[in-house]
>>> print(open('input27.tsv').read())   # TSV, C-alpha atoms
chain	number	residue	atom	x	y	z
R	1	MET	CA	94.16	77.43	84.60
R	2	ALA	CA	91.00	76.19	86.33
R	3	CYS	CA	88.11	75.61	83.92
R	4	LEU	CA	85.14	77.93	83.98
R	5	LEU	CA	82.20	76.30	85.74
R	6	PHE	CA	78.46	76.65	85.28
R	7	ALA	CA	76.18	73.93	86.53
R	8	MET	CA	72.57	73.27	85.57
R	9	GLY	CA	70.12	74.62	88.08
R	10	ALA	CA	66.39	74.77	88.42
R	11	GLY	CA	64.50	75.92	85.37
R	12	ASN	CA	63.04	79.42	85.35
R	13	ALA	CA	60.98	81.74	83.23
R	14	ALA	CA	63.40	84.64	83.58
R	15	ASP	CA	62.90	85.69	79.99
R	16	GLY	CA	59.12	85.90	80.24
R	17	GLY	CA	58.63	82.85	78.11
R	18	LYS	CA	61.17	83.85	75.48
R	19	ALA	CA	62.89	80.70	74.27
R	20	GLY	CA	66.45	80.14	73.22
R	21	PHE	CA	68.72	81.74	75.84
R	22	ALA	CA	71.60	79.37	75.03
R	23	ALA	CA	71.05	79.84	71.30
R	24	ALA	CA	70.99	83.63	71.69
R	25	VAL	CA	74.26	83.65	73.63
R	26	LYS	CA	75.99	81.43	71.10
R	27	ALA	CA	74.59	83.36	68.14
R	28	GLN	CA	75.98	86.56	69.61
R	29	ASN	CA	79.42	84.94	69.65
R	30	ALA	CA	79.41	82.94	66.42
R	31	ARG	CA	82.62	84.51	65.15
R	32	HIS	CA	84.42	83.80	68.42
R	33	LEU	CA	83.34	80.17	68.28
R	34	LYS	CA	84.96	79.90	64.84
R	35	ALA	CA	88.20	81.48	66.12
R	36	ALA	CA	88.54	79.24	69.18
R	37	GLY	CA	91.83	77.48	69.86
R	38	ARG	CA	94.19	79.99	68.24
R	39	LEU	CA	96.51	80.38	71.21
R	40	ALA	CA	100.23	81.09	71.13
R	41	LYS	CA	102.38	78.27	72.41
R	42	SER	CA	105.12	79.16	74.86
R	43	ARG	CA	108.01	77.38	76.50
R	44	LYS	CA	107.23	76.09	79.97
R	45	PRO	CA	109.64	77.49	82.57
R	46	ARG	CA	111.78	75.27	84.77
R	47	THR	CA	109.30	73.64	87.11
R	48	VAL	CA	108.96	71.33	90.09
R	49	SER	CA	105.37	70.27	90.63
R	50	ARG	CA	103.59	67.72	92.74
R	51	ASP	CA	100.07	66.70	91.87
R	52	PHE	CA	97.66	64.42	93.72
R	53	GLU	CA	99.59	61.23	94.44
R	54	GLU	CA	99.06	58.34	96.82
R	55	LYS	CA	102.12	58.87	98.98
R	56	VAL	CA	105.20	61.02	99.34
R	57	THR	CA	108.21	59.29	97.77
R	58	ARG	CA	110.51	62.29	97.35
R	59	ARG	CA	111.28	65.22	99.63
R	60	ALA	CA	113.88	67.35	97.84
R	61	TRP	CA	114.35	68.91	94.40
R	62	THR	CA	116.71	71.40	92.76
R	63	LEU	CA	116.02	73.89	89.97
R	64	LYS	CA	118.82	75.76	88.20
R	65	GLU	CA	118.88	78.51	85.59
R	66	GLY	CA	122.13	80.38	85.01
R	67	PRO	CA	123.52	81.59	88.34
R	68	LEU	CA	120.15	80.99	90.05
R	69	THR	CA	119.57	77.84	92.12
R	70	VAL	CA	116.34	76.96	93.92
R	71	SER	CA	116.31	74.16	96.48
R	72	VAL	CA	112.89	72.75	97.33
R	73	THR	CA	112.28	70.55	100.37
R	74	LEU	CA	109.21	69.17	102.11
R	75	GLU	CA	108.93	69.96	105.82
R	76	LYS	CA	106.65	68.33	108.38
R	77	GLY	CA	104.84	70.43	110.95
R	78	GLY	CA	101.92	70.66	113.31
R	79	PRO	CA	101.44	70.36	117.09
R	80	PRO	CA	102.04	66.98	118.79
R	81	ASP	CA	98.34	66.60	119.62
R	82	GLY	CA	97.00	68.14	116.42
R	83	LEU	CA	96.87	67.48	112.71
R	84	LEU	CA	100.15	67.08	110.90
R	85	TYR	CA	100.84	68.86	107.65
R	86	ILE	CA	103.58	69.06	105.06
R	87	LYS	CA	104.69	72.31	103.49
R	88	PRO	CA	107.25	73.03	100.78
R	89	SER	CA	110.17	75.25	101.70
R	90	ILE	CA	112.54	76.94	99.27
R	91	THR	CA	116.04	78.35	99.43
R	92	ILE	CA	117.18	80.64	96.61
R	93	SER	CA	120.86	81.16	95.86
R	94	VAL	CA	122.70	83.29	93.30
R	95	ASP	CA	126.23	82.22	92.37
R	96	GLY	CA	126.17	79.85	95.32
R	97	LYS	CA	125.22	82.51	97.88
R	98	GLN	CA	121.85	82.27	99.60
R	99	VAL	CA	119.70	85.36	99.00
R	100	ILE	CA	116.34	84.34	100.52
R	101	ALA	CA	114.55	81.39	102.08
R	102	ALA	CA	110.85	80.91	102.76
R	103	ASP	CA	108.22	78.39	103.78
R	104	GLY	CA	105.17	77.76	101.66
R	105	ALA	CA	101.62	77.35	102.92
R	106	GLU	CA	100.54	74.19	104.72
R	107	SER	CA	99.28	71.41	102.47
R	108	PHE	CA	98.01	67.87	102.97
R	109	PRO	CA	100.06	65.61	105.29
R	110	ASP	CA	100.06	62.62	102.94
R	111	ASN	CA	99.71	64.44	99.65
R	112	PRO	CA	101.21	67.96	99.42
R	113	VAL	CA	100.27	69.66	96.16
R	114	PHE	CA	102.43	72.55	94.94
R	115	VAL	CA	104.34	74.17	92.09
R	116	VAL	CA	107.73	75.90	92.19
R	117	GLN	CA	109.05	77.61	89.04
R	118	ILE	CA	111.85	79.80	87.79
R	119	ALA	CA	110.20	82.23	85.37
R	120	GLU	CA	111.03	85.66	83.99
R	121	MET	CA	108.12	87.76	85.26
R	122	ASP	CA	109.74	91.19	85.66
R	123	PRO	CA	112.57	91.98	83.21
R	124	SER	CA	113.53	95.15	85.13
R	125	ASN	CA	115.96	93.17	87.32
R	126	PRO	CA	118.93	90.92	86.49
R	127	HIS	CA	117.42	87.55	87.46
R	128	PRO	CA	114.21	85.66	86.72
R	129	GLU	CA	111.64	85.30	89.48
R	130	VAL	CA	110.78	82.26	91.57
R	131	LEU	CA	107.13	81.27	91.97
R	132	MET	CA	105.80	79.05	94.76
R	133	SER	CA	102.10	78.12	94.69
R	134	VAL	CA	100.62	75.67	97.20
R	135	TYR	CA	97.17	74.11	97.27
R	136	THR	CA	95.86	74.54	100.81
R	137	GLY	CA	92.82	72.29	100.39
R	138	GLY	CA	89.10	72.88	100.61
R	139	ALA	CA	86.18	72.43	98.25
R	140	HIS	CA	86.73	75.70	96.37
R	141	CYS	CA	90.01	76.93	97.75
R	142	CYS	CA	92.83	77.80	97.42
R	143	SER	CA	96.18	78.32	95.82
R	144	ASP	CA	98.46	80.35	98.07
R	145	THR	CA	100.77	81.94	95.51
R	146	ARG	CA	103.98	83.86	96.26
R	147	LEU	CA	106.69	85.33	94.08
R	148	PHE	CA	110.32	85.98	94.96
R	149	THR	CA	112.00	88.76	93.06
R	150	GLY	CA	115.27	90.64	93.09
R	151	SER	CA	115.84	94.37	93.26
R	152	ARG	CA	116.80	96.36	90.18
R	153	ASP	CA	120.49	95.93	91.00
R	154	GLY	CA	120.01	92.28	91.94
R	155	LYS	CA	121.56	92.70	95.38
R	156	THR	CA	118.47	92.10	97.50
R	157	TRP	CA	115.47	89.81	97.20
R	158	ARG	CA	111.99	89.96	98.65
R	159	GLU	CA	108.75	88.01	98.76
R	160	VAL	CA	105.61	89.29	97.02
R	161	GLU	CA	102.24	87.78	97.97
R	162	ALA	CA	100.29	87.29	94.76
R	163	GLY	CA	97.22	86.17	96.69
R	164	LEU	CA	94.83	83.32	97.44
R	165	PHE	CA	92.98	82.10	94.37
R	166	ASP	CA	90.28	79.56	93.69
R	167	GLY	CA	91.53	76.15	92.63
R	168	GLY	CA	94.84	74.33	92.66
R	169	PRO	CA	98.39	75.68	92.32
R	170	LEU	CA	98.92	78.46	89.78
R	171	GLU	CA	101.65	78.20	87.18
R	172	ALA	CA	103.28	81.14	85.44
R	173	ARG	CA	102.43	81.25	81.74
R	174	ASP	CA	103.74	83.34	78.86
R	175	LEU	CA	100.35	84.12	77.34
R	176	ASP	CA	101.51	86.28	74.45
R	177	GLY	CA	104.82	84.57	73.69
R	178	ASP	CA	107.00	87.59	74.46
R	179	GLY	CA	109.23	85.79	76.98
R	180	ARG	CA	107.61	87.43	80.01
R	181	TYR	CA	105.44	85.21	82.18
R	182	GLU	CA	102.10	86.14	83.75
R	183	LEU	CA	99.62	84.68	86.21
R	184	ALA	CA	96.22	83.85	84.72
R	185	MET	CA	93.13	82.75	86.62
R	186	ARG	CA	89.39	83.37	86.87
R	187	ASP	CA	88.49	86.70	88.43
R	188	ASN	CA	87.50	85.42	91.85
R	189	ALA	CA	85.37	88.51	92.56
R	190	PHE	CA	82.59	86.99	90.43
R	191	LEU	CA	82.31	83.75	92.41
R	192	TYR	CA	79.23	83.59	94.65
R	193	THR	CA	78.34	87.23	93.87
R	194	PHE	CA	75.12	86.65	91.92
R	195	GLY	CA	74.72	82.91	92.34
R	196	CYS	CA	76.17	79.78	93.89
R	197	TYR	CA	79.74	78.75	93.12
R	198	ALA	CA	78.69	76.29	90.43
R	199	CYS	CA	76.21	78.84	89.05
R	200	SER	CA	78.91	81.49	88.55
R	201	THR	CA	81.15	82.20	85.60
R	202	ALA	CA	84.11	84.56	85.75
R	203	PRO	CA	86.27	86.38	83.19
R	204	LEU	CA	89.91	85.61	82.60
R	205	HIS	CA	92.06	87.67	84.99
R	206	VAL	CA	95.72	88.33	84.17
R	207	LEU	CA	98.31	89.64	86.63
R	208	GLN	CA	101.83	90.82	85.87
R	209	LEU	CA	104.70	91.58	88.23
R	210	LYS	CA	105.99	95.14	87.82
R	211	ASP	CA	108.61	96.59	90.18
R	212	GLY	CA	107.57	94.27	92.98
R	213	GLN	CA	103.82	94.88	92.61
R	214	MET	CA	101.11	92.68	91.12
R	215	VAL	CA	99.31	94.65	88.40
R	216	ASN	CA	96.06	93.78	86.62
R	217	VAL	CA	96.86	93.70	82.89
R	218	SER	CA	93.75	91.80	81.76
R	219	ALA	CA	92.77	94.53	79.30
R	220	ASN	CA	96.07	94.33	77.39
R	221	PRO	CA	95.17	93.65	73.71
R	222	ALA	CA	98.00	91.11	73.54
R	223	PHE	CA	95.90	88.73	75.63
R	224	ARG	CA	92.83	88.92	73.39
R	225	PRO	CA	93.15	85.32	72.04
R	226	TRP	CA	93.05	84.06	75.62
R	227	HIS	CA	89.95	86.11	76.36
R	228	VAL	CA	88.30	84.61	73.30
R	229	ASP	CA	89.26	81.15	74.55
R	230	SER	CA	87.85	81.97	77.99
R	231	LEU	CA	84.59	83.17	76.44
R	232	VAL	CA	84.24	80.06	74.31
R	233	ARG	CA	84.74	77.83	77.36
R	234	MET	CA	82.14	79.89	79.20
R	235	LEU	CA	79.59	79.42	76.41
R	236	GLU	CA	79.63	75.66	76.99
R	237	TRP	CA	77.69	76.28	80.21
R	238	ALA	CA	74.91	78.43	78.74
R	239	ASN	CA	71.72	76.44	79.23
R	240	ASP	CA	68.03	77.25	78.78
R	241	ASP	CA	67.15	75.56	82.09
R	242	SER	CA	69.82	77.16	84.27
R	243	ASP	CA	70.18	79.84	86.91
R	244	ARG	CA	71.22	82.74	84.73
R	245	ASN	CA	72.33	85.73	86.77
R	246	GLY	CA	75.60	84.18	87.94
R	247	PHE	CA	76.37	83.20	84.37
R	248	LEU	CA	75.45	86.58	82.91
R	249	ALA	CA	77.67	88.53	85.33
R	250	GLY	CA	80.80	86.68	84.21
R	251	TYR	CA	79.64	86.78	80.62
R	252	VAL	CA	79.24	90.56	80.58
R	253	GLY	CA	82.62	90.95	82.31
R	254	GLN	CA	84.36	88.76	79.75
R	255	LYS	CA	82.71	90.58	76.85
R	256	ILE	CA	83.82	93.93	78.27
R	257	LEU	CA	87.43	92.71	78.09
R	258	LEU	CA	86.82	91.94	74.43
R	259	GLY	CA	85.39	95.41	73.79
R	260	GLU	CA	81.89	94.00	73.37
R	261	GLY	CA	80.26	94.96	76.66
R	262	ALA	CA	77.34	96.86	75.12
R	263	GLN	CA	75.96	93.89	73.17
R	264	ALA	CA	76.39	91.59	76.19
R	265	TRP	CA	74.58	94.11	78.38
R	266	LYS	CA	71.62	94.14	75.99
R	267	LEU	CA	71.43	90.35	76.07
R	268	MET	CA	71.59	90.45	79.87
R	269	LEU	CA	68.63	92.85	79.98
R	270	ASP	CA	66.62	90.48	77.77
R	271	TYR	CA	67.44	87.24	79.59
R	272	HIS	CA	68.31	87.87	83.27
R	273	ASP	CA	66.16	86.43	86.05
R	274	PRO	CA	64.27	89.26	87.81
R	275	LYS	CA	62.97	86.85	90.45
R	276	SER	CA	66.37	85.98	91.91
R	277	ASP	CA	67.50	88.20	94.80
R	278	TRP	CA	71.00	86.72	95.15
R	279	GLY	CA	73.52	89.57	95.44
R	280	LEU	CA	70.97	92.36	95.19
R	281	ASP	CA	71.31	93.72	98.75
R	282	TRP	CA	73.56	96.78	98.56
R	283	CYS	CA	75.13	98.63	101.48
R	284	SER	CA	75.45	102.36	100.75
R	285	VAL	CA	78.34	102.72	103.24
R	286	LYS	CA	81.32	100.56	104.14
R	287	ARG	CA	80.36	97.42	106.04
R	288	ASP	CA	81.84	96.84	109.51
R	289	ASP	CA	84.58	94.33	110.39
R	290	LYS	CA	81.98	91.58	110.66
R	291	GLY	CA	80.59	92.34	107.21
R	292	GLU	CA	77.41	93.85	108.64
R	293	CYS	CA	75.70	96.88	107.09
R	294	PRO	CA	74.56	99.64	109.51
R	295	PRO	CA	70.80	99.91	110.07
R	296	GLY	CA	69.01	101.89	107.39
R	297	LYS	CA	71.91	101.67	104.94
R	298	LEU	CA	70.91	98.44	103.21
R	299	GLU	CA	68.87	98.62	100.01
R	300	MET	CA	67.63	96.05	97.51
R	301	LEU	CA	68.55	96.73	93.90
R	302	THR	CA	67.42	95.32	90.60
R	303	TYR	CA	69.83	92.87	89.02
R	304	PRO	CA	70.93	95.24	86.23
R	305	LEU	CA	71.70	98.03	88.71
R	306	ALA	CA	73.50	95.67	91.11
R	307	LEU	CA	75.54	94.25	88.23
R	308	GLU	CA	76.43	97.72	86.97
R	309	ARG	CA	77.69	98.79	90.40
R	310	PHE	CA	79.59	95.54	90.90
R	311	LEU	CA	81.33	95.78	87.53
R	312	LYS	CA	82.35	99.36	88.19
R	313	GLU	CA	83.84	98.48	91.59
R	314	ALA	CA	85.64	95.49	90.07
R	315	GLY	CA	87.24	97.69	87.39
R	316	TYR	CA	85.16	96.69	84.36
R	317	ASP	CA	84.24	99.66	82.19
R	318	LEU	CA	80.92	99.10	80.45
R	319	LYS	CA	81.63	101.92	78.03
R	320	LYS	CA	84.47	100.02	76.41
>>> encode(input="input27.tsv", output="structure tokens")
Amino acid sequence: MACLLFAMGAGNAADGGKAGFAAAVKAQNARHLKAAGRLAKSRKPRTVSRDFEEKVTRRAWTLKEGPLTVSVTLEKGGPPDGLLYIKPSITISVDGKQVIAADGAESFPDNPVFVVQIAEMDPSNPHPEVLMSVYTGGAHCCSDTRLFTGSRDGKTWREVEAGLFDGGPLEARDLDGDGRYELAMRDNAFLYTFGCYACSTAPLHVLQLKDGQMVNVSANPAFRPWHVDSLVRMLEWANDDSDRNGFLAGYVGQKILLGEGAQAWKLMLDYHDPKSDWGLDWCSVKRDDKGECPPGKLEMLTYPLALERFLKEAGYDLKK
């Protein structure tokens, strides 16, 4: 899982001269700091992965689990007069019979970066799922992650697009040790919303595959130790001389998932930067296809009001 980022920015007097923002944040979470690192260990599923390497030396792999076989190959592509690329392709077979084949996203021509796994992500069908996650490149983007899952009777298979997520390839992880694997990442909705990328923190976001649909299960109490771990990592970036609003948005979101939103909200009111206008323009109607707000429908909010509206739209309940 990509680490939570928060870079030092220009100093500000957001708290009206009140000292000790970093100390206040850490004091509010003293008990979580003491509980850090208590995470359940789980068995890693069968995996083929390719990280950043100097050159391609292998182009085919095979994964097997019971009657399930996954063949992974690297395929070249691109127009004759354009940039070449390499993408992973998979073929899934059950008892020797092919059930589905698919191409992954395009990756680097000399250094494709991807993960393919066999992992039990939806126990409602007879076979485990196959995950394929490919890093498409870019400064802050992206893992193109897809799941391949069988029907309840196991006779048909289909592809489920998990989505594009910040960072490198995603791996399925059994967060609570129950034998069912999940996808865990930062909640990308928080990135750039109230500050630059490096000025933003984001809560842990957990997705589970249920009947062919990706479902947000972040609030499941079973994942609480991971939310504590996410919070503790986030606290490392609290700094007295930093842009604060991007940090505070992710901080409040993470505390809501721990059932501690009210105390985080109070701290936000005491320490946010009222001078920053990043993310405070609010369109009262749906924006057009170009992302433009109709004339007369754009308003400037205060940071607390903008944050409250954002959290509500993102599914974070401040009352919890």
>>> atom_distance(input="input27.tsv", atom1="atom CA of R:Ala314", atom2="atom CA of R:Asp176")
24.1 Å
>>> residues_around(input="input27.tsv", residues="R:Gly163", least_positions_apart="5", cutoff="12 Å", atoms="all atoms listed in the file", output="number ranges by chain")
R: 105, 132-134, 141-147, 169-170, 183, 185, 188, 207, 213-214
>>> closest_residue(input="input27.tsv", among="R:Pro128, R:Tyr135, R:Ala40, R:Gly179", to="R:Lys87", atoms="all atoms listed in the file")
R:Tyr135
>>> residues_around(input="input27.tsv", residues="R:Gly177", least_positions_apart="5", cutoff="9 Å", atoms="only C-alpha atoms", output="VMD selection string")
chain R and resid 40 to 43
>>> closest_residue(input="input27.tsv", among="R:Tyr251, R:Trp278, R:Phe21, R:Phe223", to="R:Asp187", atoms="all atoms listed in the file")
R:Tyr251
>>> closest_residue(input="input27.tsv", among="R:Ile86, R:Val232, R:Leu68, R:Ala172", to="R:Val99", atoms="only C-alpha atoms")
R:Leu68
>>> closest_residue(input="input27.tsv", among="R:Pro203, R:Gly66, R:Pro109, R:Gly138", to="R:Gln254", atoms="all atoms listed in the file")
R:Pro203
>>> atom_distance(input="input27.tsv", atom1="atom CA of R:Gln208", atom2="atom CA of R:Phe148")
13.3 Å
>>> residues_around(input="input27.tsv", residues="R:Gly154", least_positions_apart="2", cutoff="10 Å", atoms="all atoms listed in the file", output="ChimeraX atom specification")
/R:94,99,124-127,149-152,156-157
>>> decode(input="input27.tsv", residues="stretch 144-203 of chain R", atoms="C-alpha atoms", output="PDB file, in the first residue's frame")
ATOM      1  CA  ASP R 144      -5.093  -0.030 -13.508  1.00  0.00           C
ATOM      2  CA  THR R 145      -6.607  -2.851 -11.458  1.00  0.00           C
ATOM      3  CA  ARG R 146      -8.970  -5.549 -12.745  1.00  0.00           C
ATOM      4  CA  LEU R 147     -10.457  -8.652 -11.183  1.00  0.00           C
ATOM      5  CA  PHE R 148     -11.630 -11.814 -12.906  1.00  0.00           C
ATOM      6  CA  THR R 149     -14.328 -13.749 -11.119  1.00  0.00           C
ATOM      7  CA  GLY R 150     -16.567 -16.720 -11.745  1.00  0.00           C
ATOM      8  CA  SER R 151     -20.332 -16.935 -11.490  1.00  0.00           C
ATOM      9  CA  ARG R 152     -22.009 -18.578  -8.512  1.00  0.00           C
ATOM     10  CA  ASP R 153     -22.123 -21.905 -10.364  1.00  0.00           C
ATOM     11  CA  GLY R 154     -18.591 -21.456 -11.686  1.00  0.00           C
ATOM     12  CA  LYS R 155     -19.625 -21.916 -15.313  1.00  0.00           C
ATOM     13  CA  THR R 156     -18.940 -18.409 -16.577  1.00  0.00           C
ATOM     14  CA  TRP R 157     -16.290 -15.801 -15.833  1.00  0.00           C
ATOM     15  CA  ARG R 158     -16.219 -12.049 -16.246  1.00  0.00           C
ATOM     16  CA  GLU R 159     -13.935  -9.072 -15.766  1.00  0.00           C
ATOM     17  CA  VAL R 160     -14.600  -6.473 -13.063  1.00  0.00           C
ATOM     18  CA  GLU R 161     -12.840  -3.104 -13.283  1.00  0.00           C
ATOM     19  CA  ALA R 162     -11.725  -2.200  -9.779  1.00  0.00           C
ATOM     20  CA  GLY R 163     -10.508   1.201 -10.955  1.00  0.00           C
ATOM     21  CA  LEU R 164      -7.520   3.485 -11.463  1.00  0.00           C
ATOM     22  CA  PHE R 165      -5.704   4.279  -8.226  1.00  0.00           C
ATOM     23  CA  ASP R 166      -2.805   6.473  -7.248  1.00  0.00           C
ATOM     24  CA  GLY R 167       0.544   4.712  -7.108  1.00  0.00           C
ATOM     25  CA  GLY R 168       1.943   1.413  -8.316  1.00  0.00           C
ATOM     26  CA  PRO R 169       0.245  -1.968  -8.752  1.00  0.00           C
ATOM     27  CA  LEU R 170      -2.226  -2.984  -6.051  1.00  0.00           C
ATOM     28  CA  GLU R 171      -1.958  -6.354  -4.362  1.00  0.00           C
ATOM     29  CA  ALA R 172      -4.832  -8.185  -2.700  1.00  0.00           C
ATOM     30  CA  ARG R 173      -4.368  -8.423   1.064  1.00  0.00           C
ATOM     31  CA  ASP R 174      -6.209 -10.340   3.765  1.00  0.00           C
ATOM     32  CA  LEU R 175      -6.382  -7.479   6.252  1.00  0.00           C
ATOM     33  CA  ASP R 176      -8.281  -9.244   9.022  1.00  0.00           C
ATOM     34  CA  GLY R 177      -6.890 -12.754   8.573  1.00  0.00           C
ATOM     35  CA  ASP R 178     -10.218 -14.387   7.714  1.00  0.00           C
ATOM     36  CA  GLY R 179      -9.021 -15.929   4.440  1.00  0.00           C
ATOM     37  CA  ARG R 180     -10.832 -13.391   2.263  1.00  0.00           C
ATOM     38  CA  TYR R 181      -8.676 -10.873   0.437  1.00  0.00           C
ATOM     39  CA  GLU R 182      -9.397  -7.164   0.003  1.00  0.00           C
ATOM     40  CA  LEU R 183      -7.985  -4.196  -1.882  1.00  0.00           C
ATOM     41  CA  ALA R 184      -6.578  -1.446   0.329  1.00  0.00           C
ATOM     42  CA  MET R 185      -5.372   1.967  -0.806  1.00  0.00           C
ATOM     43  CA  ARG R 186      -5.582   5.657   0.062  1.00  0.00           C
ATOM     44  CA  ASP R 187      -8.955   7.224  -0.651  1.00  0.00           C
ATOM     45  CA  ASN R 188      -8.010   9.050  -3.835  1.00  0.00           C
ATOM     46  CA  ALA R 189     -10.897  11.516  -3.445  1.00  0.00           C
ATOM     47  CA  PHE R 190      -8.802  13.449  -0.908  1.00  0.00           C
ATOM     48  CA  LEU R 191      -5.828  14.038  -3.210  1.00  0.00           C
ATOM     49  CA  TYR R 192      -5.598  17.607  -4.525  1.00  0.00           C
ATOM     50  CA  THR R 193      -8.979  18.508  -2.977  1.00  0.00           C
ATOM     51  CA  PHE R 194      -7.778  20.989  -0.342  1.00  0.00           C
ATOM     52  CA  GLY R 195      -4.103  21.203  -1.217  1.00  0.00           C
ATOM     53  CA  CYS R 196      -1.388  20.019  -3.567  1.00  0.00           C
ATOM     54  CA  TYR R 197      -0.697  16.308  -3.961  1.00  0.00           C
ATOM     55  CA  ALA R 198       2.191  16.358  -1.506  1.00  0.00           C
ATOM     56  CA  CYS R 199       0.144  18.521   0.877  1.00  0.00           C
ATOM     57  CA  SER R 200      -2.719  16.004   1.027  1.00  0.00           C
ATOM     58  CA  THR R 201      -3.299  13.075   3.326  1.00  0.00           C
ATOM     59  CA  ALA R 202      -5.987  10.479   2.751  1.00  0.00           C
ATOM     60  CA  PRO R 203      -7.708   7.817   4.881  1.00  0.00           C
TER      61      PRO R 203
END
